[in-house]
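**Student:** So that we are looking at the same thing, I have put the structure below in structure tokens.
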Amino acid sequence: MATEITTTTGTHGTPGSEWWRSAVIYQIYPRSFADASGDGIGDLPGITSHIDSLAELGIDAIWLSPFFTSPQNDAGYDVADYCDVDPIFGTLDDFDRMLEEAHSRGIRVIVDLVPNHSSDQHRWFQEALAAGPGSEERARYIFREGKGANGELPPNNWESVFGGPAWSRIEEADGTPGQWYLHLFDSSQPDFDWNNRWVHEQFLDILRFWLDRGVDGFRVDVAHGLVKQEGLPDWTPPAESNSMGGGLEDEAEEAALSPYWAQEGVHEIYREWRDLLNTYEGERVLCAEAWVDPLHKLAKWVRSDEMHQAFNFGYLETKWDASALRTVIDDSYEAFHSVGAPSTWVLSNHDVVRHASRLAVTADNPQGDGLGPRSKGLPDPVIGLRRARAATALMLALPGSAYIYQGEELGLPEVIDLPDEARQDPTWHRTNGERYGRDGCRVPIPWEADAPAAGFNTTGESWLPQPSGWGAFARAEQRGVEGSTLEFYRRALALRKEHNVGLGSFTWLQHDEPEVLVFRTEGLTVMANTGATPVPLPEGADVLLASADLDGDTLPGDTTVWLAS
Ligand code: NOJ
């Protein structure tokens, strides 16, 4: 059985006990959470009407994906007005009401900030188009002359994360073919030029706008992409990197780093933002969405004068395998501890295949490709959910903060069989269906089994079709039901709080079976069996939480338990 060894990674974080070091933060994807208006797209009043369900779940904060004015070409990550609410989601008053209701229940609220690019419908870009080459307005974005005899070729070879070229050519006001502009994502998402002080000032104003309204922080979109290398040199990503720049594993590969991901210059921007946040009362936070490898490099984003949190995507991308998990957990504590920051654990979000499916995929599935009927290695849903619950129990026992994504507490799988014509992700369209993209994790979530749109609204409309059987996952079906995924999450979150796991210490224990991980934290011994062979539980084990039914005194495969220690 488990015997103690000396590989303690040390007490987590610095002596600070700020809320964000240990918080469990629930990601709301507003389009798919709850739809009060009945138009098939979720909205802010829908969120407000379900705040009690979130309080009951036991989370500390919510993060809302964009609800700002937007033509919705990239589901709101194409912002046309950073300081207003898109009518499909409601109004600023609806936002204030939602914020107040959340705060009154002790739930903090983080909003999304999208600083790498705006929508091409933003006034700033429209003015840039109208003003012409060489103007101050054009200098807000990255406009360049094309190559070739008549400027008919893009300025360099960069590719969009969503597929296809990262440059589009405009037509000048007189109707002639004109300059090209850079868009690391969709052509409707032009990149800002962060060398321009004017851009800095606009975003400081945007931060102030939301801070003054009372938000508790920002999740920062593409936080590794704002600054581009001078001269914009050609670059081809290594085959094994994922489309957002992560996936590179060793130092040697760092030498081949891209001219747009993880440039040194981004850190100055976050220092400036941190200074601004520090002038506000309450512990307001910045959380980086930065696909940066390896972890010690990502840790730069959370140095004490920069951001507070950075999603640990290295952990998210780790397979359900004891040795790989042990390595990434060790590396995470070492990297983040060295800068006095918590690790920010995460398993699912609106960009990745839901972990109730991902952990059972049997073929390579590069991040961003998504799953569809023609994908290889499609997951067994039973194994997927079993592993997802075990993986969640492991994650929630790790000191640090953690994000959970709406619907994972219901055990939702990726929706694989969405009809082609229903798919909306720009990735799907820009690759002519070669990559499915992210729609499968964005399907509106179920609230009640026998209601229109499974209780998402009262009209039955749904911007992405819900699959048959969706109602079986509904919250109402699981509430109060022993053994349901919802009750399992509630119990895990309550125990985590009771034991103060988030700010706790962490010590590995040795186990004879290589597929079993054992560690101790704050009065808990956690055992995760990532293999298929059952192993005995310690004699007299007092089981506080189990991710699956136990078989007498044994811990079955793909199961995690928390024991009183
Ligand atoms: C990351 C966001 O999470 C994703 O949904 C979006 O498409 C890209 N950034 C571009 O904003």
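Residues are named by chain letter and number: chains run A, B, ... in the order of the structure tokens, numbers start at 1 in each chain, and ligands are numbered from 1 in the order shown.
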Quick one: residues within 12 Å of A:Glu482, only C-alpha atoms counted, chain neighbours fewer than 5 positions away excluded, as a list in words?

**Tutor:**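 After dropping sequence-adjacent residues, the list is Glu477, Glu487, Phe488, Tyr489, Arg490, Arg491, Leu545, Ala546, Ser547, Ala548 and Asp549 of chain A.
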
**Student:** Next, write the just-selected residues to a file, as an mmCIF file, in the first residue's frame, keeping all heavy atoms as the atom set.

**Tutor:**
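Result file out11.cif:
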data_model
loop_
_atom_site.group_PDB
_atom_site.id
_atom_site.type_symbol
_atom_site.label_atom_id
_atom_site.label_comp_id
_atom_site.auth_asym_id
_atom_site.auth_seq_id
_atom_site.Cartn_x
_atom_site.Cartn_y
_atom_site.Cartn_z
ATOM 1 N N GLU A 477 -32.986 16.455 -13.378
ATOM 2 C CA GLU A 477 -32.960 14.990 -13.255
ATOM 3 C C GLU A 477 -31.899 14.524 -12.260
ATOM 4 O O GLU A 477 -31.963 13.430 -11.718
ATOM 5 C CB GLU A 477 -32.637 14.350 -14.619
ATOM 6 C CG GLU A 477 -33.676 14.541 -15.670
ATOM 7 C CD GLU A 477 -34.982 13.859 -15.299
ATOM 8 O OE1 GLU A 477 -35.002 12.630 -15.165
ATOM 9 O OE2 GLU A 477 -35.976 14.600 -15.121
ATOM 10 N N GLU A 487 -24.451 15.825 -8.169
ATOM 11 C CA GLU A 487 -24.247 15.695 -6.720
ATOM 12 C C GLU A 487 -22.795 15.374 -6.396
ATOM 13 O O GLU A 487 -22.268 15.775 -5.352
ATOM 14 C CB GLU A 487 -25.194 14.636 -6.136
ATOM 15 C CG GLU A 487 -26.662 15.059 -6.177
ATOM 16 C CD GLU A 487 -26.936 16.389 -5.455
ATOM 17 O OE1 GLU A 487 -26.282 16.700 -4.447
ATOM 18 O OE2 GLU A 487 -27.824 17.137 -5.932
ATOM 19 N N PHE A 488 -22.133 14.667 -7.290
ATOM 20 C CA PHE A 488 -20.706 14.378 -7.107
ATOM 21 C C PHE A 488 -19.896 15.685 -7.134
ATOM 22 O O PHE A 488 -19.027 15.917 -6.289
ATOM 23 C CB PHE A 488 -20.274 13.400 -8.213
ATOM 24 C CG PHE A 488 -18.816 13.416 -8.517
ATOM 25 C CD1 PHE A 488 -17.898 12.886 -7.619
ATOM 26 C CD2 PHE A 488 -18.350 13.966 -9.709
ATOM 27 C CE1 PHE A 488 -16.542 12.911 -7.900
ATOM 28 C CE2 PHE A 488 -17.007 13.995 -9.996
ATOM 29 C CZ PHE A 488 -16.093 13.468 -9.088
ATOM 30 N N TYR A 489 -20.213 16.594 -8.061
ATOM 31 C CA TYR A 489 -19.514 17.891 -8.110
ATOM 32 C C TYR A 489 -19.804 18.696 -6.833
ATOM 33 O O TYR A 489 -18.916 19.316 -6.261
ATOM 34 C CB TYR A 489 -19.943 18.707 -9.341
ATOM 35 C CG TYR A 489 -19.040 18.532 -10.551
ATOM 36 C CD1 TYR A 489 -19.071 17.368 -11.294
ATOM 37 C CD2 TYR A 489 -18.167 19.540 -10.960
ATOM 38 C CE1 TYR A 489 -18.257 17.201 -12.414
ATOM 39 C CE2 TYR A 489 -17.347 19.389 -12.072
ATOM 40 C CZ TYR A 489 -17.396 18.226 -12.796
ATOM 41 O OH TYR A 489 -16.580 18.079 -13.894
ATOM 42 N N ARG A 490 -21.078 18.700 -6.437
ATOM 43 C CA ARG A 490 -21.431 19.491 -5.240
ATOM 44 C C ARG A 490 -20.661 18.997 -4.025
ATOM 45 O O ARG A 490 -20.146 19.781 -3.239
ATOM 46 C CB ARG A 490 -22.936 19.377 -4.970
ATOM 47 C CG ARG A 490 -23.763 20.231 -5.896
ATOM 48 C CD ARG A 490 -25.219 20.176 -5.519
ATOM 49 N NE ARG A 490 -25.446 20.730 -4.190
ATOM 50 C CZ ARG A 490 -26.571 20.591 -3.506
ATOM 51 N NH1 ARG A 490 -27.559 19.901 -4.017
ATOM 52 N NH2 ARG A 490 -26.701 21.133 -2.324
ATOM 53 N N ARG A 491 -20.590 17.678 -3.892
ATOM 54 C CA ARG A 491 -19.902 17.126 -2.727
ATOM 55 C C ARG A 491 -18.395 17.458 -2.798
ATOM 56 O O ARG A 491 -17.788 17.842 -1.806
ATOM 57 C CB ARG A 491 -20.125 15.609 -2.684
ATOM 58 C CG ARG A 491 -19.324 14.886 -1.646
ATOM 59 C CD ARG A 491 -20.214 14.059 -0.725
ATOM 60 N NE ARG A 491 -19.420 13.389 0.305
ATOM 61 C CZ ARG A 491 -19.237 13.859 1.531
ATOM 62 N NH1 ARG A 491 -19.803 14.981 1.903
ATOM 63 N NH2 ARG A 491 -18.505 13.202 2.395
ATOM 64 N N LEU A 545 -15.281 10.820 -0.675
ATOM 65 C CA LEU A 545 -15.767 11.099 -2.036
ATOM 66 C C LEU A 545 -15.256 10.001 -2.954
ATOM 67 O O LEU A 545 -14.097 9.598 -2.856
ATOM 68 C CB LEU A 545 -15.213 12.447 -2.520
ATOM 69 C CG LEU A 545 -15.624 12.860 -3.940
ATOM 70 C CD1 LEU A 545 -17.039 13.444 -3.927
ATOM 71 C CD2 LEU A 545 -14.668 13.906 -4.528
ATOM 72 N N ALA A 546 -16.129 9.518 -3.817
ATOM 73 C CA ALA A 546 -15.699 8.531 -4.820
ATOM 74 C C ALA A 546 -16.278 8.951 -6.165
ATOM 75 O O ALA A 546 -17.453 9.315 -6.255
ATOM 76 C CB ALA A 546 -16.187 7.140 -4.432
ATOM 77 N N SER A 547 -15.455 8.886 -7.196
ATOM 78 C CA SER A 547 -15.938 9.333 -8.505
ATOM 79 C C SER A 547 -16.818 8.274 -9.173
ATOM 80 O O SER A 547 -17.492 8.557 -10.152
ATOM 81 C CB SER A 547 -14.758 9.695 -9.404
ATOM 82 O OG SER A 547 -14.009 8.544 -9.720
ATOM 83 N N ALA A 548 -16.781 7.042 -8.648
ATOM 84 C CA ALA A 548 -17.635 5.962 -9.172
ATOM 85 C C ALA A 548 -17.932 5.018 -8.013
ATOM 86 O O ALA A 548 -17.281 5.112 -6.967
ATOM 87 C CB ALA A 548 -16.906 5.216 -10.292
ATOM 88 N N ASP A 549 -18.869 4.121 -8.223
ATOM 89 C CA ASP A 549 -19.166 3.148 -7.158
ATOM 90 C C ASP A 549 -17.929 2.311 -6.871
ATOM 91 O O ASP A 549 -17.212 1.915 -7.795
ATOM 92 C CB ASP A 549 -20.304 2.217 -7.604
ATOM 93 C CG ASP A 549 -21.632 2.953 -7.578
ATOM 94 O OD1 ASP A 549 -21.700 4.011 -6.915
ATOM 95 O OD2 ASP A 549 -22.573 2.482 -8.246
#

**Student:** Let me see if you get this right: every residue at most 7 Å from ligand 1, counting only C-alpha atoms and all ligand atoms, written as a PyMOL selection string.

**Tutor:** chain A and resi 74+77-78+114+185+221-222+350-351

**Student:** Keeping only C-alpha atoms, write those residues as a PDB file, in the first residue's frame.

**Tutor:**
ATOM      1  CA  ASP A  74     -16.754  34.024 -33.780  1.00  0.00           C
ATOM      2  CA  TYR A  77     -14.947  36.943 -29.739  1.00  0.00           C
ATOM      3  CA  ASP A  78     -15.314  39.507 -32.530  1.00  0.00           C
ATOM      4  CA  VAL A 114     -10.558  40.474 -26.171  1.00  0.00           C
ATOM      5  CA  PHE A 185      -8.146  34.407 -36.445  1.00  0.00           C
ATOM      6  CA  ASP A 221      -8.278  36.303 -24.613  1.00  0.00           C
ATOM      7  CA  VAL A 222      -5.158  35.261 -26.583  1.00  0.00           C
ATOM      8  CA  HIS A 350     -15.603  26.343 -24.940  1.00  0.00           C
ATOM      9  CA  ASP A 351     -12.585  25.690 -27.200  1.00  0.00           C
TER      10      ASP A 351
END

**Student:** Expressed in Å to a single decimal, how great is the separation between atom CA of A:Phe473 and atom CA of A:Pro379?

**Tutor:**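 Distance between the two atoms: 17.9 Å.
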
**Student:** With distances taken over only C-alpha atoms, which of A:Asp216, A:Asp551, A:Arg140, A:Tyr26 is nearest to A:Glu201?

**Tutor:**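 Residue with the minimum atom-to-atom distance to A:Glu201: A:Arg140.
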
**Student:** Between A:Gly178, A:Pro452, A:Gly163, A:Pro190, which residue has the minimum interatomic distance to A:Gln121, considering only C-alpha atoms?

**Tutor:**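 Looking at the shortest contact to A:Gln121, the residue is A:Pro190.
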
**Student:** Compile the contact shell of A:Gly76 as a PyMOL selection string: residues with an atom at most 6 Å away, counting only C-alpha atoms, same-chain residues fewer than 3 positions apart removed.

**Tutor:** chain A and resi 66+70+72
